[in-house]
Amino acid sequence: MRIGWLHALVACGLLTAFPALAENTPPHANTNQENPGLLNADDVTFDESTGIVTASGNVELLRDGRTLYADTVTYNQNTKVVVASGNIRIFENTGDVTFSDYIEITDDMRNAFINNVRALLTDNSRLIGNEAERTNGRYMRVSRGVYTPCDLCKSNPSQPPVWQLKGKKIVHDNEDKDIRYSDAVMEMFGVPVFYLPYFSHPDPTVKRRSGFLMPLMGNGSNTGSFFRSSYYVDIDPDRDMTVETGLYSQQGLLLGAEWRQRFDNGQILASGSFIPHQIIDPELERRPNAQPIDRPDFVRGHFYALGSFDINDHWRSGFDLAHVSDVAYLRQFYSFRENVLTSRAWHEGFYGRDYAAVTAYRFQDMRVGNPEVAPFVFPLAEYSAFGEPGETWGGRWSFSAGLLGIKRDRSNATDSTRISMEPGWRRDFVSDTGLITTVTTSARTDVYNFQTYQRPDKPPGQLSDGNITRFMPQAQIMFRYPLARHGETMDQVLEPIFAFSVATRERNDFAIPNEDARDIEFDDTNLFMTNRYSGFDRQEGGQRLSYGLRASLFGRTTGSARLFLGQSHRISQDHPYGPGTGLESQRSDYVGRLELMPLSWVYLDYGFRYDRETLESRRHNVTASFGVPALSFGVGYHFMDTTTDPNYIVRNVQEYANIGVNSRVAQHWSLSVSHSQSINPSPGPRATTLGLTYVDECLVFQTSAMYDHTTPPGAVPGHTVYFRLIFRNIGEIKSPSLTPSIFTGTGTNH
């Protein structure tokens, strides 16, 4: 809250400047030429018998960038008091404006009296009081003051604002930079909501200061009732921290802290928390009536740290470190729902089109029942470079190289090292008829070293060590022929696409550990890629044809439609892809995408893959949204057939859907409802969320209630209610959550 109007009364220099404000001031008046000002008035008189100088009629007094307007201003040489009355307005150089009917200031500028003070601050907030008194040049006391940053109703200005803070006495201490309220009442929509016998906060000149932050209170199914309090510590201009304590009826005492520091070339942030004893024993995993168990030997908690530093104009380094004691901790106390925590340390450089980086990774897998051992990755060294367009045989050269090391902390787990190098070249040809031909070539070399590798084609327990070198040259020629037709109401584009890819046959699929190419999602986005695996440990060799057709319609005023349909055909007889991928046969499944937007408020995106023989659906994703701000709907449906056994009895199908509804029920109010539902293989609800939001120029209120039907070990299904209440300029109250600052460094709570 800003109260610069308090200083304006003194800084305008009414006492010292007024007697020497105009050349026509009577010679009997005292003058002070050290800090002259300007005076404009319809009439200026001086009474020698009383020693009073009077300016009247449209009085304008300017001093030190501040201007006072009044009907009448007088200066008494005997009492050294300046009095202004009638339609008083004081404009500060900060932009604040103060209104009053009557003001008195003593000549030492340390004491002042203001009647019916009304202040309009630069951020459009308002401070109103019956009277204000300045004493000793330090304190300004406003009697029965009211503060609000909310706009008044234009049709009914007498209507109470959204919220206002009333105080029997408001004191501003301009030395301690504090604003203190006595007997304060917070009103919302004209209704008192809570009483504060004492309340204080720093004035606007203070950017930060040590002190208690707003406490947090609430209830959760897995934590019970809780109370959390934080204390902010201002250490230096470049360092601060927050200390947190929380008391949970079902979990005990939580202690936490967050440290933030900035440097000339970077920043660091570190946070952590822990609960000494009470946990839900993981052995109780899904038991609905699981109760807290005291485990003195087990401390629950989390730690996170991040940092980034600019070494010079080309190089920078950083780190992200994350660890949690158990899979339920962050979900219970910070609403963090990711499945994997990733820690990394990195160093990277940029030189024109060249890029180089060295990174180390550590993963903490929090998925229930996952048998895989999370690897430690070091080093992951990468280098890539691109030439100037057109400088090499009319095209552009490229080069990439890498070094990857993977280590697992378990016996009989695979460790591996990969060294890679891949030069390439690409050129586009455009004929006079519009045919676009793209030629791409590359030659990838990988050298592998691995230990304790369980080959898929060997009996369990038969582990192997070894070294393998793989050389994989690839080339592709692609033809695109876009045909356009312009009509009166719409434009049409028809683009056939044809690509021929050739590479040496891959013969070491089982001999090389597969670390980064396990997921294969064949769809329209990778149909024309030279390698359709998700990583580099598997390469697609042989020869194939890929073809597709893209059709588009664009309305001149509104509306558009896009359709793509494609397929690939393997010429070589090898079958590198497994069953269920859509690429296991000579001819692939059909893939495509349909996008429709007939109106600006209707959108449909349908991605699909259909069986090449039966045309049965193997995968489709539907996303649709329609509506206006007053009422809008969103629907998502996801279907995936991952059946790999050709002699299946029941297909392996994963199917789920979600729906959301948003409505702006009033000018400032909006309501949202969302629900996700599993259809196959385990039908049932997954999560339901209800949200209510109010937003205006001075208040933000958000509440969200969620019922989670899926929980990790150490938790039980249940409800969680979050809320957020932001009073502009004076603070924020919200439920505890894992803020962006904790795990991404994008902001803080303070």
# chains A, B, ... in the order shown; residues from 1 in each chain; ligands from 1
$ select_by_dssp --residues "region 271-506 of chain A" --states "strand (DSSP E)" --output "number ranges by chain"
A: 271-275, 278-279, 293-294, 300-310, 315-324, 340-351, 354-365, 376-386, 396-407, 415-430, 436-454, 463-480, 483-486, 490-503
$ residues_around --residues "region 316-318 of chain A" --least-positions-apart "5" --cutoff "7 Å" --atoms "only C-alpha atoms" --output "list in words"
Gly307, Ser308, Phe309, Asp310, Ile311, Ala345, Trp346, His347, Glu348 and Gly349 of chain A
$ atom_distance --atom1 "CA of Thr72 (chain A)" --atom2 "CA of Asn111 (chain A)"
20.3 Å
$ atom_distance --atom1 "CA of Met186 (chain A)" --atom2 "CA of Arg126 (chain A)"
15.0 Å
$ closest_residue --among "A:Arg239, A:Met140, A:Ser678, A:Ile497" --to "Ile268 (chain A)" --atoms "only C-alpha atoms"
A:Arg239
$ atom_distance --atom1 "CA of Glu133 (chain A)" --atom2 "CA of Val44 (chain A)"
28.2 Å
$ closest_residue --among "A:Val206, A:Val439, A:Ala657, A:Met214" --to "Ser501 (chain A)" --atoms "only C-alpha atoms"
A:Val439
$ decode --residues "region 621-632 of chain A" --atoms "all heavy atoms" --output "PDB file, in the first residue's frame"
ATOM      1  N   ASN A 621      -6.826 -41.181 -31.155  1.00  0.00           N
ATOM      2  CA  ASN A 621      -6.910 -40.144 -30.134  1.00  0.00           C
ATOM      3  C   ASN A 621      -7.832 -39.049 -30.656  1.00  0.00           C
ATOM      4  O   ASN A 621      -7.625 -38.529 -31.760  1.00  0.00           O
ATOM      5  CB  ASN A 621      -5.531 -39.547 -29.828  1.00  0.00           C
ATOM      6  CG  ASN A 621      -4.549 -40.599 -29.355  1.00  0.00           C
ATOM      7  OD1 ASN A 621      -4.893 -41.445 -28.546  1.00  0.00           O
ATOM      8  ND2 ASN A 621      -3.332 -40.554 -29.866  1.00  0.00           N
ATOM      9  N   VAL A 622      -8.810 -38.720 -29.877  1.00  0.00           N
ATOM     10  CA  VAL A 622      -9.766 -37.691 -30.255  1.00  0.00           C
ATOM     11  C   VAL A 622      -9.714 -36.578 -29.218  1.00  0.00           C
ATOM     12  O   VAL A 622      -9.823 -36.822 -28.013  1.00  0.00           O
ATOM     13  CB  VAL A 622     -11.201 -38.244 -30.344  1.00  0.00           C
ATOM     14  CG1 VAL A 622     -12.172 -37.137 -30.746  1.00  0.00           C
ATOM     15  CG2 VAL A 622     -11.261 -39.389 -31.337  1.00  0.00           C
ATOM     16  N   THR A 623      -9.530 -35.367 -29.706  1.00  0.00           N
ATOM     17  CA  THR A 623      -9.593 -34.183 -28.857  1.00  0.00           C
ATOM     18  C   THR A 623     -10.551 -33.205 -29.507  1.00  0.00           C
ATOM     19  O   THR A 623     -10.388 -32.861 -30.688  1.00  0.00           O
ATOM     20  CB  THR A 623      -8.214 -33.530 -28.702  1.00  0.00           C
ATOM     21  OG1 THR A 623      -7.303 -34.477 -28.154  1.00  0.00           O
ATOM     22  CG2 THR A 623      -8.288 -32.326 -27.774  1.00  0.00           C
ATOM     23  N   ALA A 624     -11.528 -32.776 -28.748  1.00  0.00           N
ATOM     24  CA  ALA A 624     -12.522 -31.858 -29.294  1.00  0.00           C
ATOM     25  C   ALA A 624     -12.838 -30.785 -28.262  1.00  0.00           C
ATOM     26  O   ALA A 624     -12.858 -31.046 -27.054  1.00  0.00           O
ATOM     27  CB  ALA A 624     -13.800 -32.604 -29.676  1.00  0.00           C
ATOM     28  N   SER A 625     -13.068 -29.594 -28.761  1.00  0.00           N
ATOM     29  CA  SER A 625     -13.478 -28.495 -27.897  1.00  0.00           C
ATOM     30  C   SER A 625     -14.460 -27.625 -28.657  1.00  0.00           C
ATOM     31  O   SER A 625     -14.317 -27.419 -29.866  1.00  0.00           O
ATOM     32  CB  SER A 625     -12.265 -27.666 -27.451  1.00  0.00           C
ATOM     33  OG  SER A 625     -11.617 -27.077 -28.560  1.00  0.00           O
ATOM     34  N   PHE A 626     -15.440 -27.149 -27.973  1.00  0.00           N
ATOM     35  CA  PHE A 626     -16.422 -26.285 -28.608  1.00  0.00           C
ATOM     36  C   PHE A 626     -17.096 -25.455 -27.518  1.00  0.00           C
ATOM     37  O   PHE A 626     -17.226 -25.875 -26.362  1.00  0.00           O
ATOM     38  CB  PHE A 626     -17.458 -27.093 -29.398  1.00  0.00           C
ATOM     39  CG  PHE A 626     -18.131 -28.193 -28.616  1.00  0.00           C
ATOM     40  CD1 PHE A 626     -19.337 -27.985 -27.968  1.00  0.00           C
ATOM     41  CD2 PHE A 626     -17.537 -29.438 -28.526  1.00  0.00           C
ATOM     42  CE1 PHE A 626     -19.940 -29.002 -27.246  1.00  0.00           C
ATOM     43  CE2 PHE A 626     -18.130 -30.465 -27.797  1.00  0.00           C
ATOM     44  CZ  PHE A 626     -19.336 -30.240 -27.152  1.00  0.00           C
ATOM     45  N   GLY A 627     -17.485 -24.270 -27.920  1.00  0.00           N
ATOM     46  CA  GLY A 627     -18.159 -23.399 -26.989  1.00  0.00           C
ATOM     47  C   GLY A 627     -17.574 -22.007 -26.994  1.00  0.00           C
ATOM     48  O   GLY A 627     -16.581 -21.705 -27.672  1.00  0.00           O
ATOM     49  N   VAL A 628     -18.192 -21.150 -26.222  1.00  0.00           N
ATOM     50  CA  VAL A 628     -17.786 -19.761 -26.056  1.00  0.00           C
ATOM     51  C   VAL A 628     -17.441 -19.564 -24.588  1.00  0.00           C
ATOM     52  O   VAL A 628     -17.676 -20.452 -23.759  1.00  0.00           O
ATOM     53  CB  VAL A 628     -18.922 -18.817 -26.498  1.00  0.00           C
ATOM     54  CG1 VAL A 628     -19.161 -18.941 -27.997  1.00  0.00           C
ATOM     55  CG2 VAL A 628     -20.203 -19.114 -25.729  1.00  0.00           C
ATOM     56  N   PRO A 629     -16.845 -18.409 -24.226  1.00  0.00           N
ATOM     57  CA  PRO A 629     -16.480 -18.225 -22.812  1.00  0.00           C
ATOM     58  C   PRO A 629     -17.629 -18.454 -21.835  1.00  0.00           C
ATOM     59  O   PRO A 629     -17.403 -18.915 -20.721  1.00  0.00           O
ATOM     60  CB  PRO A 629     -15.990 -16.774 -22.779  1.00  0.00           C
ATOM     61  CG  PRO A 629     -15.450 -16.531 -24.152  1.00  0.00           C
ATOM     62  CD  PRO A 629     -16.343 -17.304 -25.066  1.00  0.00           C
ATOM     63  N   ALA A 630     -18.860 -18.171 -22.259  1.00  0.00           N
ATOM     64  CA  ALA A 630     -19.984 -18.387 -21.349  1.00  0.00           C
ATOM     65  C   ALA A 630     -20.172 -19.863 -21.031  1.00  0.00           C
ATOM     66  O   ALA A 630     -20.566 -20.226 -19.923  1.00  0.00           O
ATOM     67  CB  ALA A 630     -21.260 -17.805 -21.944  1.00  0.00           C
ATOM     68  N   LEU A 631     -19.878 -20.736 -21.999  1.00  0.00           N
ATOM     69  CA  LEU A 631     -20.007 -22.170 -21.779  1.00  0.00           C
ATOM     70  C   LEU A 631     -19.199 -22.897 -22.841  1.00  0.00           C
ATOM     71  O   LEU A 631     -19.445 -22.736 -24.038  1.00  0.00           O
ATOM     72  CB  LEU A 631     -21.470 -22.609 -21.839  1.00  0.00           C
ATOM     73  CG  LEU A 631     -21.739 -24.094 -21.555  1.00  0.00           C
ATOM     74  CD1 LEU A 631     -21.326 -24.444 -20.135  1.00  0.00           C
ATOM     75  CD2 LEU A 631     -23.209 -24.417 -21.790  1.00  0.00           C
ATOM     76  N   SER A 632     -18.213 -23.688 -22.421  1.00  0.00           N
ATOM     77  CA  SER A 632     -17.381 -24.429 -23.361  1.00  0.00           C
ATOM     78  C   SER A 632     -17.150 -25.840 -22.835  1.00  0.00           C
ATOM     79  O   SER A 632     -17.179 -26.085 -21.624  1.00  0.00           O
ATOM     80  CB  SER A 632     -16.042 -23.725 -23.586  1.00  0.00           C
ATOM     81  OG  SER A 632     -15.318 -23.635 -22.371  1.00  0.00           O
TER      82      SER A 632
END
